[in-house]
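Listing of upload13.pdb, PDB, C-alpha atoms
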ATOM      1  CA  MET A 220      -3.303  -7.699  13.591  1.00  0.00           C
ATOM      2  CA  LYS A 221      -1.730  -4.406  14.611  1.00  0.00           C
ATOM      3  CA  GLU A 222      -3.174  -1.009  13.707  1.00  0.00           C
ATOM      4  CA  THR A 223      -1.377   2.328  13.605  1.00  0.00           C
ATOM      5  CA  GLN A 224      -3.220   5.605  13.154  1.00  0.00           C
ATOM      6  CA  LEU A 225      -1.324   8.589  11.789  1.00  0.00           C
ATOM      7  CA  PRO A 226      -2.737  12.076  11.126  1.00  0.00           C
ATOM      8  CA  TYR A 227      -3.045  11.302   7.395  1.00  0.00           C
ATOM      9  CA  CYS A 228      -3.671   7.529   7.262  1.00  0.00           C
ATOM     10  CA  ASP A 229      -4.463   4.259   9.001  1.00  0.00           C
ATOM     11  CA  LEU A 230      -2.069   1.329   8.666  1.00  0.00           C
ATOM     12  CA  PHE A 231      -3.093  -2.259   9.340  1.00  0.00           C
ATOM     13  CA  PHE A 232      -0.365  -4.860   9.749  1.00  0.00           C
ATOM     14  CA  LYS A 233      -1.216  -8.499   9.131  1.00  0.00           C
ATOM     15  CA  GLU A 234       1.029 -11.541   8.923  1.00  0.00           C
ATOM     16  CA  THR A 235       1.494 -11.489   5.142  1.00  0.00           C
ATOM     17  CA  HIS A 236       0.433  -7.976   4.193  1.00  0.00           C
ATOM     18  CA  ALA A 237      -0.076  -4.398   5.248  1.00  0.00           C
ATOM     19  CA  ILE A 238      -3.099  -2.273   4.331  1.00  0.00           C
ATOM     20  CA  LEU A 239      -2.851   1.492   3.960  1.00  0.00           C
ATOM     21  CA  VAL A 240      -5.979   3.669   4.040  1.00  0.00           C
ATOM     22  CA  MET A 241      -5.209   7.320   3.385  1.00  0.00           C
ATOM     23  CA  HIS A 242      -7.596   9.847   4.899  1.00  0.00           C
ATOM     24  CA  GLU A 243      -9.737  11.955   2.608  1.00  0.00           C
ATOM     25  CA  GLY A 244      -7.904  15.035   1.350  1.00  0.00           C
ATOM     26  CA  SER A 245      -4.509  13.812   2.553  1.00  0.00           C
ATOM     27  CA  ALA A 246      -1.498  13.195   0.310  1.00  0.00           C
ATOM     28  CA  VAL A 247       1.218  10.625  -0.171  1.00  0.00           C
ATOM     29  CA  THR A 248       4.336  12.789  -0.239  1.00  0.00           C
ATOM     30  CA  LEU A 249       8.003  11.889   0.022  1.00  0.00           C
ATOM     31  CA  GLU A 250       7.779  12.754   3.719  1.00  0.00           C
ATOM     32  CA  THR A 251       4.668  10.674   4.481  1.00  0.00           C
ATOM     33  CA  ALA A 252       6.002   7.775   2.382  1.00  0.00           C
ATOM     34  CA  LYS A 253       9.224   7.819   4.420  1.00  0.00           C
ATOM     35  CA  GLU A 254       7.232   7.644   7.664  1.00  0.00           C
ATOM     36  CA  ILE A 255       4.989   4.830   6.374  1.00  0.00           C
ATOM     37  CA  THR A 256       8.067   2.929   5.184  1.00  0.00           C
ATOM     38  CA  SER A 257       9.648   3.207   8.627  1.00  0.00           C
ATOM     39  CA  TYR A 258       6.551   1.615  10.215  1.00  0.00           C
ATOM     40  CA  LEU A 259       6.608  -1.193   7.624  1.00  0.00           C
ATOM     41  CA  GLU A 260      10.296  -1.786   8.232  1.00  0.00           C
ATOM     42  CA  GLU A 261       9.804  -1.890  11.989  1.00  0.00           C
ATOM     43  CA  TYR A 262       6.878  -4.334  11.817  1.00  0.00           C
ATOM     44  CA  TYR A 263       8.123  -6.783   9.167  1.00  0.00           C
ATOM     45  CA  LYS A 264      11.833  -6.664  10.165  1.00  0.00           C
ATOM     46  CA  GLY A 265      13.052  -8.098   6.861  1.00  0.00           C
ATOM     47  CA  ASP A 266      10.255 -10.652   6.409  1.00  0.00           C
ATOM     48  CA  ASN A 267       8.562 -10.575   3.001  1.00  0.00           C
ATOM     49  CA  PHE A 268       5.175  -8.877   2.793  1.00  0.00           C
ATOM     50  CA  ILE A 269       2.661  -7.453   0.326  1.00  0.00           C
ATOM     51  CA  PHE A 270       1.576  -3.804   0.478  1.00  0.00           C
ATOM     52  CA  ILE A 271      -2.096  -3.033  -0.220  1.00  0.00           C
ATOM     53  CA  THR A 272      -3.323   0.516  -0.584  1.00  0.00           C
ATOM     54  CA  HIS A 273      -7.091   0.622  -0.073  1.00  0.00           C
ATOM     55  CA  ARG A 274      -8.081   3.842  -1.767  1.00  0.00           C
ATOM     56  CA  LYS A 275     -11.422   4.545  -0.132  1.00  0.00           C
ATOM     57  CA  PHE A 276     -10.983   8.322  -0.318  1.00  0.00           C
ATOM     58  CA  PRO A 277      -9.525  10.665  -2.917  1.00  0.00           C
ATOM     59  CA  HIS A 278      -5.987  11.793  -2.120  1.00  0.00           C
ATOM     60  CA  ASP A 279      -2.946  13.050  -3.972  1.00  0.00           C
ATOM     61  CA  ILE A 280       0.124  10.947  -4.663  1.00  0.00           C
ATOM     62  CA  ASP A 281       3.571  12.259  -5.497  1.00  0.00           C
ATOM     63  CA  LEU A 282       4.774   9.635  -7.979  1.00  0.00           C
ATOM     64  CA  ASN A 283       8.342  10.388  -6.917  1.00  0.00           C
ATOM     65  CA  VAL A 284       7.677   8.167  -3.888  1.00  0.00           C
ATOM     66  CA  TYR A 285       8.383   5.228  -6.202  1.00  0.00           C
ATOM     67  CA  LYS A 286      11.931   6.554  -6.639  1.00  0.00           C
ATOM     68  CA  GLY A 287      12.478   6.609  -2.879  1.00  0.00           C
ATOM     69  CA  ARG A 288      13.638   3.850  -0.568  1.00  0.00           C
ATOM     70  CA  ILE A 289      11.525   0.835  -1.405  1.00  0.00           C
ATOM     71  CA  LEU A 290      11.871  -2.027   1.062  1.00  0.00           C
ATOM     72  CA  LYS A 291      13.445  -5.100  -0.529  1.00  0.00           C
ATOM     73  CA  ASN A 292      11.069  -7.357   1.410  1.00  0.00           C
ATOM     74  CA  MET A 293       7.965  -5.654  -0.065  1.00  0.00           C
ATOM     75  CA  ILE A 294       7.414  -8.260  -2.770  1.00  0.00           C
ATOM     76  CA  GLY A 295       4.063  -7.103  -4.114  1.00  0.00           C
ATOM     77  CA  PHE A 296       1.813  -4.067  -4.365  1.00  0.00           C
ATOM     78  CA  ALA A 297      -1.964  -3.937  -4.784  1.00  0.00           C
ATOM     79  CA  ILE A 298      -4.339  -1.040  -5.252  1.00  0.00           C
ATOM     80  CA  VAL A 299      -7.969  -1.496  -4.163  1.00  0.00           C
ATOM     81  CA  SER A 300     -10.652   0.910  -5.325  1.00  0.00           C
ATOM     82  CA  GLU A 301     -14.051   1.021  -6.951  1.00  0.00           C
ATOM     83  CA  ASN A 302     -13.258   4.443  -8.442  1.00  0.00           C
ATOM     84  CA  PRO A 303     -12.546   4.283 -12.226  1.00  0.00           C
ATOM     85  CA  ASP A 304     -10.134   7.224 -11.884  1.00  0.00           C
ATOM     86  CA  GLU A 305      -7.954   5.074  -9.645  1.00  0.00           C
ATOM     87  CA  VAL A 306      -7.596   2.532 -12.457  1.00  0.00           C
ATOM     88  CA  LYS A 307      -6.179   5.313 -14.641  1.00  0.00           C
ATOM     89  CA  ARG A 308      -3.818   6.422 -11.900  1.00  0.00           C
ATOM     90  CA  ALA A 309      -2.731   2.812 -11.298  1.00  0.00           C
ATOM     91  CA  MET A 310      -1.723   2.625 -14.970  1.00  0.00           C
ATOM     92  CA  GLN A 311       0.662   5.539 -14.330  1.00  0.00           C
ATOM     93  CA  GLU A 312       2.021   3.900 -11.186  1.00  0.00           C
ATOM     94  CA  GLN A 313       2.536   0.370 -12.499  1.00  0.00           C
ATOM     95  CA  PRO A 314       5.618   1.089 -14.661  1.00  0.00           C
ATOM     96  CA  LEU A 315       7.294   2.652 -11.602  1.00  0.00           C
ATOM     97  CA  TRP A 316       7.100  -0.591  -9.581  1.00  0.00           C
ATOM     98  CA  ASN A 317       9.320  -3.591 -10.405  1.00  0.00           C
ATOM     99  CA  GLU A 318       7.636  -6.315  -8.352  1.00  0.00           C
ATOM    100  CA  ALA A 319       4.155  -7.893  -8.538  1.00  0.00           C
ATOM    101  CA  PHE A 320       1.555  -5.153  -9.038  1.00  0.00           C
ATOM    102  CA  THR A 321      -2.180  -5.527  -9.439  1.00  0.00           C
ATOM    103  CA  PHE A 322      -5.513  -3.753  -9.047  1.00  0.00           C
ATOM    104  CA  PHE A 323      -8.655  -4.964  -7.284  1.00  0.00           C
ATOM    105  CA  LYS A 324     -12.114  -3.552  -6.712  1.00  0.00           C
ATOM    106  CA  ASP A 325     -12.549  -5.590  -3.532  1.00  0.00           C
ATOM    107  CA  LEU A 326     -10.289  -5.663  -0.453  1.00  0.00           C
ATOM    108  CA  ASP A 327     -10.999  -9.351   0.267  1.00  0.00           C
ATOM    109  CA  GLU A 328      -9.717 -10.275  -3.214  1.00  0.00           C
ATOM    110  CA  ALA A 329      -6.550  -8.252  -2.647  1.00  0.00           C
ATOM    111  CA  GLU A 330      -5.966  -9.909   0.723  1.00  0.00           C
ATOM    112  CA  ASN A 331      -6.473 -13.371  -0.808  1.00  0.00           C
ATOM    113  CA  TRP A 332      -3.965 -12.451  -3.530  1.00  0.00           C
ATOM    114  CA  ALA A 333      -1.474 -11.303  -0.879  1.00  0.00           C
ATOM    115  CA  ARG A 334      -1.861 -14.497   1.143  1.00  0.00           C
ATOM    116  CA  SER A 335      -1.327 -16.615  -2.008  1.00  0.00           C
ATOM    117  CA  PHE A 336       2.345 -15.570  -2.028  1.00  0.00           C
ATOM    118  CA  PHE A 337       2.836 -17.396   1.264  1.00  0.00           C
ATOM    119  CA  ASP A 338       0.797 -20.614   0.759  1.00  0.00           C
TER     120      ASP A 338
END
As structure tokens, how would this structure be written, given the file I've shared?
Amino acid sequence: MKETQLPYCDLFFKETHAILVMHEGSAVTLETAKEITSYLEEYYKGDNFIFITHRKFPHDIDLNVYKGRILKNMIGFAIVSENPDEVKRAMQEQPLWNEAFTFFKDLDEAENWARSFFD
């Protein structure tokens, strides 16, 4: 596993999936999404992967990031949170994503789901 720490988030790269943990009070903007995407592109180099956002802390999200450059090899997206407000936000995000999209309350479940794409 590789870990990258940025001023606004931590990224964890595993064989089949990446995990994003935004820092409290930070925001997913077009600029930060572009930077995160560049790290994903560099690590996975065209290999398929699942993207998991583990929403431990409240943070803003510019929904326009879904209109940006989405990597073709990102074949699934999962949101992990125990916060009921995140379920509501996920409902707004889901129609903006064309691939597999799901919500979990537990990170282990999300990671098992991600690995199931590669079994």
Inset, instruction - Work out how far apart CA of Ala246 (chain A) and CA of Arg274 (chain A) are and give it in Å to one decimal. - result: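 Those two atoms sit 11.6 Å apart.
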Legend entry - Atomic distance CA of Ile238 (chain A) - CA of Ala329 (chain A), expressed in Å with one decimal: 9.8 Å
Inset, instruction - Given the file shown, determine the residues that the PyMOL selection byres ((chain A and resi 309-313) around 12) selects; report them as a PyMOL selection string. - result: chain A and resi 272+274+280-286+295-300+302-308+314-323
Legend entry - Atom-to-atom span, CA of Glu254 (chain A) and CA of Leu225 (chain A), Å: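 It comes out at 9.5 Å.
Using only C-alpha atoms, the nearest neighbour of Thr256 (chain A) within the list A:Ile269, A:Leu290, A:Met241, A:Leu230 is A:Leu290.
In terms of minimum interatomic distance to Gly265 (chain A), A:Met293 ranks closest within A:Leu239, A:Thr251, A:Met293, A:Pro277, counting all atoms listed in the file.
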Legend entry - Chain and number of each residue from the PyMOL selection byres ((chain A and resi 267) around 12), as an MDAnalysis selection string: chainID A and resid 233:237 259:260 262:266 268:270 290:296 333:334 336:337
